[in-house]
Amino acid sequence: MSGMEAFSAEVGSTGPVCVRGGGTRWRIGGDVGAEVRAVQAPAGIDSHDPAEMTVAVWAGTTLATLAETLAERRQEVALDGPPGSTVGGSLAVGWNGIRFRRTGSVRDALLQAECVGADGQVFKAGGPTVKNVSGYELCRLLVGSLGTLALTGRVILRTRPIPERSLWLRGAIAPSEVERSCYRPSSILWDGRHTYACLEGYGVDVDQEASDLAECGMVEVEGPPDLPPDRQRWAGELPSGAVLDVPIGVVHCHGGGSVPAVDPAVKAIADRLKANFDPQGRLNPGRDPYMVPE
């Protein structure tokens, strides 16, 4: 029995069920409840094609394991998450990493997904190559859906080259000053007092930009600041202990903020979509992607 067949048999076709990975962001979007049966997706690297810049990986694989494998060929993916996070969990949450400008979005990283639907049957969405453009982009619907449309078992992800040089700087200057001094830094974070900037690319370019920022008072540090576990949209004020991801306007904070208002027409479409994918509401019941404050 193949990995997907075994996963399908475990999910079954009746009764409420959820898939659990590392559990690092388990409470996001609501609680599934103790009575819901939990399953785990298969784990492991299926194949890596550096020339095509793709990797096939089972959803239960940790991001650390995936990163270690890809680093051997100096590649990486856009997925990000706390220690212990899995590939499937990161796709289900759909949060972009702080190096978004360099790695791109999580949604764009997913090329193909093999999933188990609410009826217990295996289906495939997307295509195995970067140039795939045919058909409906169901993969994009799965990212950020919190497992309410289907349970992901195996995926093919787009990889990107690891930059030749990467460094973090910190200084008591405004984020706008960093923007003026650099060409698209990979990340700009602000904690209310200090600005952190991640510079990546060819060594000579990074060194030149680092030199320019050093004249503004920035110094090299080991990495970004510790980021609080929750997120909310930037509303013009930075809560105590929070860190702002400047390019995308997301605040890393302790305790989620208010949930963004959703256009009723959009919510109606989403509800119809959910009803078509899971008419009995058995996949991750209690989860609501629209309750995520980001």
# chains A, B, ... in the order shown; residues from 1 in each chain; ligands from 1
call {"tool": "residues_around", "arguments": {"residues": "Val36 of chain A", "least_positions_apart": "4", "cutoff": "12 Å", "atoms": "only C-alpha atoms", "output": "PyMOL selection string"}}
result
chain A and resi 11+14-20+31-32+281-287
call {"tool": "residues_around", "arguments": {"residues": "Pro161 of chain A", "least_positions_apart": "6", "cutoff": "9 Å", "atoms": "only C-alpha atoms", "output": "list in words"}}
result
Met53, Arg73, Arg74, Gln75, Glu76 and Val77 of chain A
call {"tool": "residues_around", "arguments": {"residues": "segment 196-207 of chain A", "least_positions_apart": "6", "cutoff": "12 Å", "atoms": "only C-alpha atoms", "output": "NGL selection string"}}
result
:A and (98-103 or 161-179 or 181-190 or 213-214 or 217-226 or 243-247)
call {"tool": "residues_around", "arguments": {"residues": "segment 143-153 of chain A", "least_positions_apart": "4", "cutoff": "6 Å", "atoms": "only C-alpha atoms", "output": "list in words"}}
result
Ala41, Trp58, Ala59, Leu91, Ala92, Val93, Gly94, Arg107, Glu114, Cys115, Val116, Gly117, Phe277, Leu283, Asn284 and Pro289 of chain A
call {"tool": "atom_distance", "arguments": {"atom1": "atom CA of Pro42 of chain A", "atom2": "atom CA of Ser90 of chain A"}}
result
14.9 Å
call {"tool": "select_by_dssp", "arguments": {"residues": "segment 35-236 of chain A", "states": "helix (DSSP H, G or I)", "output": "tab-separated table (two decimals) with all heavy atoms, in the first residue's frame"}}
result
chain	number	residue	atom	x	y	z
A	63	LEU	N	10.00	21.15	8.81
A	63	LEU	CA	10.70	22.14	7.99
A	63	LEU	C	12.20	22.03	8.17
A	63	LEU	O	12.96	22.27	7.23
A	63	LEU	CB	10.22	23.54	8.37
A	63	LEU	CG	8.76	23.88	8.11
A	63	LEU	CD1	8.50	25.34	8.45
A	63	LEU	CD2	8.36	23.58	6.67
A	64	ALA	N	12.64	21.67	9.38
A	64	ALA	CA	14.07	21.54	9.64
A	64	ALA	C	14.68	20.43	8.79
A	64	ALA	O	15.77	20.58	8.22
A	64	ALA	CB	14.31	21.26	11.12
A	65	THR	N	13.99	19.30	8.69
A	65	THR	CA	14.47	18.19	7.87
A	65	THR	C	14.53	18.58	6.40
A	65	THR	O	15.49	18.28	5.69
A	65	THR	CB	13.57	16.96	8.05
A	65	THR	OG1	13.61	16.54	9.41
A	65	THR	CG2	14.01	15.81	7.16
A	66	LEU	N	13.49	19.25	5.93
A	66	LEU	CA	13.45	19.69	4.54
A	66	LEU	C	14.57	20.68	4.25
A	66	LEU	O	15.26	20.58	3.22
A	66	LEU	CB	12.09	20.32	4.22
A	66	LEU	CG	11.92	20.90	2.82
A	66	LEU	CD1	12.15	19.83	1.75
A	66	LEU	CD2	10.54	21.54	2.66
A	67	ALA	N	14.77	21.64	5.15
A	67	ALA	CA	15.82	22.65	4.95
A	67	ALA	C	17.20	22.01	4.91
A	67	ALA	O	18.06	22.40	4.10
A	67	ALA	CB	15.75	23.69	6.07
A	68	GLU	N	17.42	21.02	5.76
A	68	GLU	CA	18.72	20.33	5.79
A	68	GLU	C	18.98	19.62	4.47
A	68	GLU	O	20.10	19.66	3.94
A	68	GLU	CB	18.74	19.34	6.95
A	68	GLU	CG	20.07	18.63	7.12
A	68	GLU	CD	20.06	17.68	8.31
A	68	GLU	OE1	19.08	17.68	9.07
A	68	GLU	OE2	21.05	16.93	8.46
A	69	THR	N	17.98	18.97	3.93
A	69	THR	CA	18.13	18.26	2.66
A	69	THR	C	18.40	19.23	1.51
A	69	THR	O	19.30	19.01	0.68
A	69	THR	CB	16.87	17.44	2.35
A	69	THR	OG1	16.69	16.46	3.37
A	69	THR	CG2	16.98	16.75	1.00
A	70	LEU	N	17.63	20.31	1.44
A	70	LEU	CA	17.79	21.27	0.35
A	70	LEU	C	19.11	22.02	0.43
A	70	LEU	O	19.69	22.38	-0.60
A	70	LEU	CB	16.62	22.26	0.36
A	70	LEU	CG	15.23	21.68	0.09
A	70	LEU	CD1	14.19	22.79	0.12
A	70	LEU	CD2	15.18	20.94	-1.24
A	71	ALA	N	19.59	22.27	1.66
A	71	ALA	CA	20.83	23.03	1.83
A	71	ALA	C	22.03	22.31	1.22
A	71	ALA	O	23.03	22.94	0.86
A	71	ALA	CB	21.08	23.30	3.31
A	87	VAL	N	5.70	20.60	7.06
A	87	VAL	CA	5.37	21.15	5.74
A	87	VAL	C	3.87	21.34	5.60
A	87	VAL	O	3.39	22.40	5.21
A	87	VAL	CB	5.90	20.20	4.64
A	87	VAL	CG1	5.36	20.62	3.27
A	87	VAL	CG2	7.42	20.20	4.62
A	88	GLY	N	3.10	20.30	5.95
A	88	GLY	CA	1.65	20.40	5.82
A	88	GLY	C	1.05	21.46	6.72
A	88	GLY	O	0.15	22.20	6.30
A	89	GLY	N	1.54	21.55	7.94
A	89	GLY	CA	1.03	22.56	8.86
A	89	GLY	C	1.31	23.96	8.39
A	89	GLY	O	0.47	24.86	8.50
A	90	SER	N	2.51	24.18	7.86
A	90	SER	CA	2.88	25.52	7.37
A	90	SER	C	2.04	25.92	6.17
A	90	SER	O	1.66	27.09	6.02
A	90	SER	CB	4.37	25.55	7.01
A	90	SER	OG	5.17	25.29	8.15
A	91	LEU	N	1.73	24.94	5.31
A	91	LEU	CA	0.86	25.24	4.17
A	91	LEU	C	-0.57	25.51	4.63
A	91	LEU	O	-1.25	26.40	4.12
A	91	LEU	CB	0.86	24.07	3.19
A	91	LEU	CG	2.16	23.85	2.42
A	91	LEU	CD1	2.13	22.52	1.68
A	91	LEU	CD2	2.41	25.00	1.43
A	92	ALA	N	-1.04	24.76	5.63
A	92	ALA	CA	-2.40	24.94	6.12
A	92	ALA	C	-2.58	26.30	6.76
A	92	ALA	O	-3.61	26.95	6.59
A	92	ALA	CB	-2.73	23.84	7.13
A	93	VAL	N	-1.58	26.76	7.51
A	93	VAL	CA	-1.65	28.09	8.12
A	93	VAL	C	-1.45	29.18	7.07
A	93	VAL	O	-2.15	30.19	7.06
A	93	VAL	CB	-0.61	28.22	9.25
A	93	VAL	CG1	-0.55	29.65	9.78
A	93	VAL	CG2	-0.95	27.25	10.39
A	100	PHE	N	10.09	37.28	3.12
A	100	PHE	CA	9.12	37.19	2.03
A	100	PHE	C	9.65	37.80	0.74
A	100	PHE	O	9.44	37.26	-0.35
A	100	PHE	CB	7.83	37.88	2.46
A	100	PHE	CG	6.86	38.12	1.35
A	100	PHE	CD1	6.09	37.08	0.85
A	100	PHE	CD2	6.70	39.38	0.80
A	100	PHE	CE1	5.18	37.29	-0.18
A	100	PHE	CE2	5.80	39.61	-0.23
A	100	PHE	CZ	5.05	38.56	-0.72
A	101	ARG	N	10.35	38.93	0.85
A	101	ARG	CA	10.84	39.59	-0.35
A	101	ARG	C	11.85	38.73	-1.11
A	101	ARG	O	12.01	38.87	-2.32
A	101	ARG	CB	11.50	40.92	0.01
A	101	ARG	CG	10.53	42.06	0.23
A	101	ARG	CD	11.29	43.31	0.55
A	101	ARG	NE	10.48	44.51	0.43
A	101	ARG	CZ	10.92	45.73	0.68
A	101	ARG	NH1	12.17	45.89	1.08
A	101	ARG	NH2	10.14	46.77	0.54
A	102	ARG	N	12.52	37.86	-0.40
A	102	ARG	CA	13.53	37.01	-1.04
A	102	ARG	C	12.94	35.68	-1.49
A	102	ARG	O	13.18	35.23	-2.62
A	102	ARG	CB	14.67	36.75	-0.04
A	102	ARG	CG	15.75	35.79	-0.56
A	102	ARG	CD	16.69	36.50	-1.50
A	102	ARG	NE	17.55	35.54	-2.21
A	102	ARG	CZ	18.56	35.90	-2.97
A	102	ARG	NH1	18.86	37.16	-3.13
A	102	ARG	NH2	19.29	34.99	-3.58
A	103	THR	N	12.18	35.05	-0.61
A	103	THR	CA	11.72	33.68	-0.88
A	103	THR	C	10.39	33.63	-1.61
A	103	THR	O	10.04	32.60	-2.19
A	103	THR	CB	11.59	32.90	0.43
A	103	THR	OG1	10.61	33.53	1.27
A	103	THR	CG2	12.93	32.84	1.16
A	106	VAL	N	4.18	31.71	0.42
A	106	VAL	CA	3.90	30.29	0.61
A	106	VAL	C	2.98	29.78	-0.49
A	106	VAL	O	3.16	28.68	-1.01
A	106	VAL	CB	3.26	30.06	2.00
A	106	VAL	CG1	2.82	28.62	2.15
A	106	VAL	CG2	4.24	30.44	3.10
A	107	ARG	N	2.00	30.58	-0.86
A	107	ARG	CA	1.04	30.17	-1.89
A	107	ARG	C	1.73	29.89	-3.21
A	107	ARG	O	1.41	28.93	-3.92
A	107	ARG	CB	-0.04	31.24	-2.04
A	107	ARG	CG	-1.14	30.89	-3.02
A	107	ARG	CD	-2.31	31.84	-2.93
A	107	ARG	NE	-3.14	31.53	-1.78
A	107	ARG	CZ	-3.26	32.31	-0.71
A	107	ARG	NH1	-2.57	33.43	-0.63
A	107	ARG	NH2	-4.05	31.95	0.29
A	108	ASP	N	2.70	30.71	-3.58
A	108	ASP	CA	3.41	30.51	-4.84
A	108	ASP	C	4.38	29.33	-4.77
A	108	ASP	O	4.80	28.81	-5.81
A	108	ASP	CB	4.17	31.77	-5.23
A	108	ASP	CG	3.25	32.89	-5.68
A	108	ASP	OD1	2.10	32.58	-6.07
A	108	ASP	OD2	3.66	34.06	-5.63
A	109	ALA	N	4.77	28.92	-3.57
A	109	ALA	CA	5.73	27.83	-3.43
A	109	ALA	C	5.08	26.46	-3.70
A	109	ALA	O	5.76	25.51	-4.08
A	109	ALA	CB	6.33	27.82	-2.03
A	138	LEU	N	-6.26	24.92	-7.71
A	138	LEU	CA	-6.80	24.47	-6.44
A	138	LEU	C	-5.75	24.56	-5.33
A	138	LEU	O	-6.10	24.69	-4.16
A	138	LEU	CB	-7.31	23.04	-6.56
A	138	LEU	CG	-8.53	22.81	-7.45
A	138	LEU	CD1	-8.93	21.35	-7.44
A	138	LEU	CD2	-9.69	23.70	-7.01
A	139	CYS	N	-4.48	24.45	-5.71
A	139	CYS	CA	-3.42	24.54	-4.70
A	139	CYS	C	-3.51	25.84	-3.91
A	139	CYS	O	-3.28	25.87	-2.71
A	139	CYS	CB	-2.05	24.43	-5.38
A	139	CYS	SG	-1.60	22.76	-5.86
A	140	ARG	N	-3.84	26.91	-4.60
A	140	ARG	CA	-3.91	28.20	-3.92
A	140	ARG	C	-5.04	28.23	-2.89
A	140	ARG	O	-4.96	28.93	-1.89
A	140	ARG	CB	-4.11	29.32	-4.95
A	140	ARG	CG	-2.87	29.55	-5.81
A	140	ARG	CD	-3.09	30.63	-6.84
A	140	ARG	NE	-1.85	30.91	-7.56
A	140	ARG	CZ	-0.98	31.85	-7.22
A	140	ARG	NH1	-1.20	32.60	-6.16
A	140	ARG	NH2	0.12	32.04	-7.93
A	141	LEU	N	-6.10	27.48	-3.14
A	141	LEU	CA	-7.19	27.42	-2.17
A	141	LEU	C	-6.77	26.66	-0.92
A	141	LEU	O	-7.21	26.98	0.19
A	141	LEU	CB	-8.41	26.73	-2.80
A	141	LEU	CG	-9.08	27.45	-3.96
A	141	LEU	CD1	-10.20	26.57	-4.51
A	141	LEU	CD2	-9.64	28.79	-3.52
A	142	LEU	N	-5.93	25.65	-1.08
A	142	LEU	CA	-5.53	24.83	0.06
A	142	LEU	C	-4.63	25.59	1.02
A	142	LEU	O	-4.69	25.37	2.24
A	142	LEU	CB	-4.81	23.58	-0.44
A	142	LEU	CG	-5.62	22.65	-1.35
A	142	LEU	CD1	-4.75	21.52	-1.86
A	142	LEU	CD2	-6.83	22.10	-0.60
A	175	PRO	N	12.88	52.57	9.74
A	175	PRO	CA	12.83	51.60	8.63
A	175	PRO	C	12.91	52.26	7.26
A	175	PRO	O	13.49	51.70	6.32
A	175	PRO	CB	11.48	50.91	8.84
A	175	PRO	CG	11.22	51.03	10.31
A	175	PRO	CD	11.77	52.36	10.69
A	176	SER	N	12.35	53.46	7.14
A	176	SER	CA	12.38	54.16	5.86
A	176	SER	C	13.81	54.48	5.43
A	176	SER	O	14.11	54.55	4.23
A	176	SER	CB	11.55	55.44	5.94
A	176	SER	OG	12.03	56.29	6.97
A	177	GLU	N	14.70	54.67	6.40
A	177	GLU	CA	16.10	54.96	6.08
A	177	GLU	C	16.76	53.74	5.46
A	177	GLU	O	17.58	53.86	4.54
A	177	GLU	CB	16.85	55.37	7.34
A	177	GLU	CG	18.28	55.83	7.10
A	177	GLU	CD	18.36	57.12	6.28
A	177	GLU	OE1	17.39	57.92	6.32
A	177	GLU	OE2	19.37	57.31	5.59
A	178	VAL	N	16.40	52.56	5.94
A	178	VAL	CA	16.92	51.33	5.35
A	178	VAL	C	16.43	51.19	3.92
A	178	VAL	O	17.19	50.83	3.02
A	178	VAL	CB	16.50	50.11	6.19
A	178	VAL	CG1	16.94	48.81	5.51
A	178	VAL	CG2	17.07	50.19	7.60
A	179	GLU	N	15.16	51.47	3.70
A	179	GLU	CA	14.59	51.38	2.35
A	179	GLU	C	15.31	52.32	1.39
A	179	GLU	O	15.55	51.97	0.22
A	179	GLU	CB	13.10	51.74	2.39
A	179	GLU	CG	12.22	50.72	3.10
A	179	GLU	CD	11.81	49.59	2.17
A	179	GLU	OE1	12.49	49.35	1.16
A	179	GLU	OE2	10.81	48.93	2.48
A	180	ARG	N	15.69	53.50	1.86
A	180	ARG	CA	16.37	54.46	0.99
A	180	ARG	C	17.80	54.04	0.69
A	180	ARG	O	18.34	54.38	-0.36
A	180	ARG	CB	16.36	55.85	1.63
A	180	ARG	CG	15.02	56.57	1.56
A	180	ARG	CD	15.18	58.04	1.89
A	180	ARG	NE	15.56	58.23	3.29
A	180	ARG	CZ	14.68	58.41	4.28
A	180	ARG	NH1	13.38	58.41	4.01
A	180	ARG	NH2	15.09	58.58	5.51
A	181	SER	N	18.41	53.29	1.60
A	181	SER	CA	19.83	52.96	1.47
A	181	SER	C	20.09	51.64	0.76
A	181	SER	O	21.23	51.39	0.35
A	181	SER	CB	20.49	52.91	2.86
A	181	SER	OG	20.35	54.14	3.53
A	203	GLY	N	27.93	38.47	-2.62
A	203	GLY	CA	28.73	38.99	-1.52
A	203	GLY	C	29.12	40.45	-1.69
A	203	GLY	O	29.01	41.24	-0.75
A	204	VAL	N	29.57	40.83	-2.88
A	204	VAL	CA	30.03	42.20	-3.10
A	204	VAL	C	28.90	43.20	-2.93
A	204	VAL	O	29.10	44.30	-2.38
A	204	VAL	CB	30.69	42.33	-4.50
A	204	VAL	CG1	29.67	42.02	-5.61
A	204	VAL	CG2	31.29	43.70	-4.68
A	205	ASP	N	27.69	42.84	-3.37
A	205	ASP	CA	26.55	43.74	-3.22
A	205	ASP	C	26.13	43.87	-1.76
A	205	ASP	O	25.82	44.98	-1.29
A	205	ASP	CB	25.36	43.23	-4.05
A	205	ASP	CG	25.66	43.19	-5.54
A	205	ASP	OD1	26.45	44.04	-5.99
A	205	ASP	OD2	25.09	42.33	-6.24
A	206	VAL	N	26.09	42.74	-1.06
A	206	VAL	CA	25.69	42.77	0.35
A	206	VAL	C	26.69	43.58	1.17
A	206	VAL	O	26.30	44.40	2.02
A	206	VAL	CB	25.57	41.34	0.91
A	206	VAL	CG1	25.40	41.36	2.43
A	206	VAL	CG2	24.41	40.61	0.25
A	207	ASP	N	27.97	43.38	0.91
A	207	ASP	CA	28.99	44.12	1.66
A	207	ASP	C	28.89	45.63	1.42
A	207	ASP	O	29.08	46.43	2.35
A	207	ASP	CB	30.39	43.63	1.27
A	207	ASP	CG	30.67	42.22	1.78
A	207	ASP	OD1	29.98	41.79	2.73
A	207	ASP	OD2	31.58	41.55	1.24
A	208	GLN	N	28.59	46.02	0.19
A	208	GLN	CA	28.46	47.45	-0.12
A	208	GLN	C	27.27	48.06	0.61
A	208	GLN	O	27.37	49.14	1.20
A	208	GLN	CB	28.31	47.66	-1.63
A	208	GLN	CG	28.17	49.11	-2.05
A	208	GLN	CD	29.34	49.97	-1.63
A	208	GLN	OE1	30.48	49.67	-2.00
A	208	GLN	NE2	29.09	51.03	-0.85
A	209	GLU	N	26.12	47.35	0.59
A	209	GLU	CA	24.94	47.87	1.27
A	209	GLU	C	25.13	47.88	2.78
A	209	GLU	O	24.67	48.80	3.47
A	209	GLU	CB	23.71	47.03	0.90
A	209	GLU	CG	23.28	47.22	-0.55
A	209	GLU	CD	21.97	46.54	-0.86
A	209	GLU	OE1	21.65	45.52	-0.20
A	209	GLU	OE2	21.24	47.03	-1.75
A	210	ALA	N	25.83	46.88	3.30
A	210	ALA	CA	26.11	46.84	4.74
A	210	ALA	C	27.00	48.01	5.13
A	210	ALA	O	26.82	48.61	6.20
A	210	ALA	CB	26.76	45.52	5.11
A	211	SER	N	27.94	48.36	4.27
A	211	SER	CA	28.81	49.50	4.53
A	211	SER	C	28.03	50.80	4.56
A	211	SER	O	28.26	51.67	5.41
A	211	SER	CB	29.91	49.57	3.46
A	211	SER	OG	30.74	50.70	3.64
A	212	ASP	N	27.08	50.93	3.63
A	212	ASP	CA	26.24	52.14	3.60
A	212	ASP	C	25.40	52.26	4.87
A	212	ASP	O	25.24	53.35	5.43
A	212	ASP	CB	25.33	52.10	2.37
A	212	ASP	CG	26.11	52.20	1.06
A	212	ASP	OD1	27.26	52.65	1.10
A	212	ASP	OD2	25.55	51.80	0.02
A	213	LEU	N	24.86	51.13	5.33
A	213	LEU	CA	24.03	51.16	6.54
A	213	LEU	C	24.87	51.36	7.79
A	213	LEU	O	24.39	51.92	8.79
A	213	LEU	CB	23.22	49.87	6.65
A	213	LEU	CG	22.08	49.72	5.65
A	213	LEU	CD1	21.40	48.36	5.79
A	213	LEU	CD2	21.04	50.84	5.84
A	214	ALA	N	26.13	50.91	7.76
A	214	ALA	CA	27.02	51.12	8.90
A	214	ALA	C	27.25	52.62	9.13
A	214	ALA	O	27.38	53.07	10.27
A	214	ALA	CB	28.34	50.40	8.68
call {"tool": "select_by_dssp", "arguments": {"residues": "segment 44-285 of chain A", "states": "strand (DSSP E or B)", "output": "ChimeraX atom specification"}}
result
/A:45-49,54-58,62,75-76,86,110-116,122-126,151-158,160-161,165-171,187-190,195-201,219-221,230-233,243-245,250-253,283
call {"tool": "closest_residue", "arguments": {"among": "A:Val122, A:Leu238, A:Met291, A:Val250", "to": "Val262 of chain A", "atoms": "only C-alpha atoms"}}
result
A:Met291
call {"tool": "atom_distance", "arguments": {"atom1": "atom CA of Trp234 of chain A", "atom2": "atom CA of Arg25 of chain A"}}
result
20.6 Å
call {"tool": "closest_residue", "arguments": {"among": "A:Gly126, A:Trp95, A:Thr24, A:Lys274", "to": "Gln232 of chain A", "atoms": "only C-alpha atoms"}}
result
A:Trp95
call {"tool": "atom_distance", "arguments": {"atom1": "atom CA of Arg27 of chain A", "atom2": "atom CA of Leu79 of chain A"}}
result
19.2 Å
